[in-house]
Amino acid sequence: LAGASALAFAIVVIVLTRLRGESTAYVQLLRRLDAAGVPEALWRLDDGLLFALGSVLAARLAYGRGRVADGLGLARSFATGAVFALLAGAPMLLHAMLSGSFRVDASMVRGIVVAPLVEELVFRAVLLGVAVRVLRWPFWPVAITAGLVFGSMHVPWDGRFGAQHLGPLLATSAGGIWYAWIVRAHDWNLWTTVLLHAVMNGAWMLFGVAEDAAGGASANIGRGLTILVGTVLTVR
(Lines give C-alpha, C1' and ligand atoms only; values in the text may rest on other atoms or scores of the structure.)
Protein backbone atom coordinates (compact mmCIF):
# COMPACT_ATOMS: atom_id res chain seq x y z
CA LEU A 1 0.00 0.00 0.00
CA ALA A 2 2.84 2.39 0.86
CA GLY A 3 4.58 1.77 -2.46
CA ALA A 4 1.39 2.21 -4.47
CA SER A 5 0.57 5.41 -2.57
CA ALA A 6 4.06 6.78 -3.24
CA LEU A 7 3.76 6.00 -6.93
CA ALA A 8 0.32 7.59 -7.19
CA PHE A 9 1.55 10.68 -5.36
CA ALA A 10 4.50 11.04 -7.74
CA ILE A 11 2.22 10.76 -10.77
CA VAL A 12 -0.05 13.47 -9.37
CA VAL A 13 2.97 15.73 -8.83
CA ILE A 14 4.13 15.15 -12.42
CA VAL A 15 0.70 15.92 -13.88
CA LEU A 16 0.17 19.02 -11.72
CA THR A 17 3.65 20.30 -12.55
CA ARG A 18 3.07 19.77 -16.26
CA LEU A 19 -0.35 21.43 -16.25
CA ARG A 20 0.39 24.27 -13.83
CA GLY A 21 0.59 26.70 -16.73
CA GLU A 22 -3.14 26.20 -17.36
CA SER A 23 -3.98 27.69 -13.96
CA THR A 24 -5.04 31.35 -14.03
CA ALA A 25 -3.76 31.87 -10.48
CA TYR A 26 -0.37 30.45 -11.42
CA VAL A 27 -0.07 32.68 -14.50
CA GLN A 28 -1.04 35.73 -12.46
CA LEU A 29 1.59 34.84 -9.85
CA LEU A 30 4.28 34.66 -12.52
CA ARG A 31 3.19 38.04 -13.87
CA ARG A 32 3.49 39.56 -10.40
CA LEU A 33 6.95 38.08 -9.97
CA ASP A 34 7.99 39.41 -13.36
CA ALA A 35 6.59 42.87 -12.56
CA ALA A 36 8.45 42.82 -9.24
CA GLY A 37 11.71 42.33 -11.10
CA VAL A 38 12.31 38.70 -10.13
CA PRO A 39 14.55 37.16 -12.83
CA GLU A 40 12.74 34.66 -15.06
CA ALA A 41 15.57 32.16 -14.62
CA LEU A 42 14.76 32.14 -10.89
CA TRP A 43 11.00 31.73 -10.93
CA ARG A 44 11.28 29.09 -13.65
CA LEU A 45 12.86 26.84 -11.01
CA ASP A 46 9.43 26.18 -9.49
CA ASP A 47 8.96 22.91 -11.39
CA GLY A 48 12.29 21.66 -10.07
CA LEU A 49 11.23 22.47 -6.53
CA LEU A 50 7.94 20.62 -6.99
CA PHE A 51 9.72 17.59 -8.45
CA ALA A 52 12.29 17.52 -5.64
CA LEU A 53 9.76 17.88 -2.82
CA GLY A 54 7.42 15.37 -4.47
CA SER A 55 10.22 12.83 -4.82
CA VAL A 56 11.30 13.18 -1.19
CA LEU A 57 7.73 12.80 0.09
CA ALA A 58 7.09 9.82 -2.20
CA ALA A 59 10.28 8.15 -0.97
CA ARG A 60 9.24 8.81 2.62
CA LEU A 61 5.95 7.00 1.92
CA ALA A 62 7.60 4.09 0.11
CA TYR A 63 10.68 3.47 2.27
CA GLY A 64 9.88 4.98 5.65
CA ARG A 65 11.65 7.40 7.96
CA GLY A 66 15.43 7.38 7.79
CA ARG A 67 15.57 5.59 4.43
CA VAL A 68 14.72 8.40 2.04
CA ALA A 69 18.26 9.06 0.77
CA ASP A 70 18.97 5.35 0.35
CA GLY A 71 15.63 4.74 -1.34
CA LEU A 72 16.29 7.55 -3.80
CA GLY A 73 19.77 6.22 -4.54
CA LEU A 74 21.48 9.33 -3.18
CA ALA A 75 23.27 7.47 -0.39
CA ARG A 76 25.34 5.54 -2.94
CA SER A 77 28.84 6.57 -4.04
CA PHE A 78 28.98 10.05 -5.58
CA ALA A 79 32.57 9.45 -6.70
CA THR A 80 31.62 6.29 -8.60
CA GLY A 81 28.82 8.15 -10.34
CA ALA A 82 31.13 11.04 -11.21
CA VAL A 83 33.82 8.82 -12.72
CA PHE A 84 31.26 6.94 -14.78
CA ALA A 85 29.59 10.15 -15.97
CA LEU A 86 32.87 11.77 -17.00
CA LEU A 87 34.11 8.69 -18.86
CA ALA A 88 30.82 8.01 -20.60
CA GLY A 89 30.08 11.66 -21.31
CA ALA A 90 33.56 12.52 -22.61
CA PRO A 91 32.86 11.66 -26.31
CA MET A 92 29.75 13.84 -26.43
CA LEU A 93 31.45 16.69 -24.60
CA LEU A 94 34.54 16.52 -26.82
CA HIS A 95 32.45 16.37 -30.01
CA ALA A 96 30.39 19.37 -28.86
CA MET A 97 33.54 21.36 -28.07
CA LEU A 98 34.94 20.68 -31.55
CA SER A 99 31.73 21.32 -33.48
CA GLY A 100 29.93 24.07 -31.55
CA SER A 101 30.59 27.52 -30.13
CA PHE A 102 30.65 28.03 -26.38
CA ARG A 103 27.96 30.18 -24.79
CA VAL A 104 26.64 30.39 -21.26
CA ASP A 105 23.91 32.29 -19.44
CA ALA A 106 22.00 32.08 -16.18
CA SER A 107 19.06 30.27 -17.75
CA MET A 108 21.28 27.26 -18.44
CA VAL A 109 21.62 26.54 -14.74
CA ARG A 110 18.18 24.93 -14.83
CA GLY A 111 19.01 22.66 -17.75
CA ILE A 112 22.48 21.64 -16.63
CA VAL A 113 22.25 21.55 -12.83
CA VAL A 114 18.63 21.51 -11.69
CA ALA A 115 16.86 19.46 -14.37
CA PRO A 116 19.22 16.44 -14.28
CA LEU A 117 18.83 16.13 -10.50
CA VAL A 118 15.09 16.59 -10.18
CA GLU A 119 14.22 14.60 -13.32
CA GLU A 120 16.33 11.65 -12.21
CA LEU A 121 14.74 11.84 -8.79
CA VAL A 122 11.16 11.68 -10.00
CA PHE A 123 11.49 9.49 -13.11
CA ARG A 124 14.26 7.06 -12.22
CA ALA A 125 14.35 7.05 -8.41
CA VAL A 126 10.59 7.21 -7.80
CA LEU A 127 8.59 6.11 -10.85
CA LEU A 128 11.06 3.38 -11.77
CA GLY A 129 12.62 2.65 -8.39
CA VAL A 130 9.44 2.38 -6.32
CA ALA A 131 7.64 0.33 -8.97
CA VAL A 132 10.52 -2.14 -9.38
CA ARG A 133 12.18 -2.20 -5.96
CA VAL A 134 9.12 -1.85 -3.72
CA LEU A 135 6.17 -3.11 -5.77
CA ARG A 136 8.29 -5.73 -7.58
CA TRP A 137 6.84 -4.88 -10.98
CA PRO A 138 8.81 -6.19 -14.02
CA PHE A 139 11.63 -3.87 -14.98
CA TRP A 140 11.26 -3.42 -18.76
CA PRO A 141 7.54 -2.55 -18.91
CA VAL A 142 8.07 -0.02 -16.12
CA ALA A 143 11.23 1.38 -17.72
CA ILE A 144 9.49 1.86 -21.06
CA THR A 145 6.43 3.46 -19.47
CA ALA A 146 8.51 5.79 -17.29
CA GLY A 147 10.65 6.63 -20.31
CA LEU A 148 7.59 7.61 -22.34
CA VAL A 149 6.31 9.79 -19.49
CA PHE A 150 9.76 11.38 -19.26
CA GLY A 151 9.71 12.03 -23.01
CA SER A 152 6.25 13.58 -22.81
CA MET A 153 7.58 16.22 -20.46
CA HIS A 154 9.66 17.63 -23.32
CA VAL A 155 6.74 18.23 -25.72
CA PRO A 156 3.38 20.05 -25.51
CA TRP A 157 0.42 18.22 -24.01
CA ASP A 158 -2.16 20.18 -25.98
CA GLY A 159 -3.15 21.04 -29.53
CA ARG A 160 0.27 22.54 -30.21
CA PHE A 161 1.76 19.04 -30.48
CA GLY A 162 2.72 18.33 -34.08
CA ALA A 163 5.00 16.32 -36.31
CA GLN A 164 7.95 18.52 -35.34
CA HIS A 165 7.68 17.24 -31.78
CA LEU A 166 7.97 13.54 -32.66
CA GLY A 167 11.77 13.67 -32.86
CA PRO A 168 12.27 15.20 -29.40
CA LEU A 169 9.63 12.86 -27.96
CA LEU A 170 11.32 9.74 -29.32
CA ALA A 171 14.83 10.93 -28.44
CA THR A 172 14.03 11.84 -24.84
CA SER A 173 11.87 8.73 -24.30
CA ALA A 174 14.70 6.50 -25.54
CA GLY A 175 17.10 8.40 -23.31
CA GLY A 176 14.82 7.85 -20.33
CA ILE A 177 14.72 4.11 -20.99
CA TRP A 178 18.51 3.99 -21.33
CA TYR A 179 18.97 5.93 -18.08
CA ALA A 180 16.61 3.44 -16.40
CA TRP A 181 18.79 0.54 -17.50
CA ILE A 182 21.95 2.39 -16.40
CA VAL A 183 20.71 3.14 -12.89
CA ARG A 184 19.49 -0.40 -12.28
CA ALA A 185 22.74 -1.90 -13.60
CA HIS A 186 24.68 0.34 -11.22
CA ASP A 187 22.80 -0.99 -8.20
CA TRP A 188 20.40 1.98 -8.12
CA ASN A 189 23.18 4.53 -7.65
CA LEU A 190 21.28 7.61 -8.83
CA TRP A 191 24.47 9.66 -9.10
CA THR A 192 25.40 7.70 -12.23
CA THR A 193 22.44 9.05 -14.17
CA VAL A 194 22.20 12.44 -12.45
CA LEU A 195 25.78 13.31 -13.35
CA LEU A 196 25.71 11.70 -16.80
CA HIS A 197 22.46 13.55 -17.52
CA ALA A 198 24.17 16.79 -16.43
CA VAL A 199 27.22 16.17 -18.64
CA MET A 200 25.06 15.37 -21.67
CA ASN A 201 22.80 18.38 -21.10
CA GLY A 202 25.85 20.56 -20.60
CA ALA A 203 27.45 19.46 -23.87
CA TRP A 204 24.15 20.00 -25.72
CA MET A 205 23.39 23.43 -24.27
CA LEU A 206 26.79 25.07 -23.67
CA PHE A 207 27.90 24.48 -27.23
CA GLY A 208 24.51 24.87 -28.93
CA VAL A 209 24.84 21.66 -30.94
CA ALA A 210 21.13 21.53 -31.92
CA GLU A 211 17.90 23.47 -31.66
CA ASP A 212 15.93 20.70 -29.96
CA ALA A 213 16.41 17.39 -28.15
CA ALA A 214 16.26 15.35 -31.36
CA GLY A 215 19.30 17.00 -32.89
CA GLY A 216 20.68 16.34 -36.35
CA ALA A 217 23.15 13.87 -37.84
CA SER A 218 26.21 15.76 -36.62
CA ALA A 219 24.83 16.44 -33.15
CA ASN A 220 23.95 12.79 -32.66
CA ILE A 221 27.45 11.55 -33.43
CA GLY A 222 28.65 12.66 -30.03
CA ARG A 223 25.50 11.45 -28.31
CA GLY A 224 25.73 8.08 -30.03
CA LEU A 225 29.36 7.65 -28.95
CA THR A 226 28.47 8.51 -25.36
CA ILE A 227 25.63 5.97 -25.40
CA LEU A 228 28.05 3.37 -26.77
CA VAL A 229 30.76 4.10 -24.18
CA GLY A 230 28.24 4.28 -21.31
CA THR A 231 26.71 0.97 -22.37
CA VAL A 232 30.08 -0.78 -22.67
CA LEU A 233 31.25 0.56 -19.31
CA THR A 234 28.03 -0.59 -17.67
CA VAL A 235 28.13 -4.07 -19.21
CA ARG A 236 31.76 -4.50 -18.19
# chains A, B, ... in the order shown; residues from 1 in each chain; ligands from 1
call {"tool": "select_by_dssp", "arguments": {"residues": "chain A", "states": "alpha helix (DSSP H)", "output": "PyMOL selection string"}}
result
chain A and resi 2-19+24-35+40-43+46-63+68-72+78-99+108-109+115-119+129+139-152+166-185+190-206+217-235
call {"tool": "residues_around", "arguments": {"residues": "region 205-222 of chain A", "least_positions_apart": "6", "cutoff": "6 Å", "atoms": "only C-alpha atoms", "output": "MDAnalysis selection string"}}
result
chainID A and resid 91:92 95:96 100:104 167:168 171
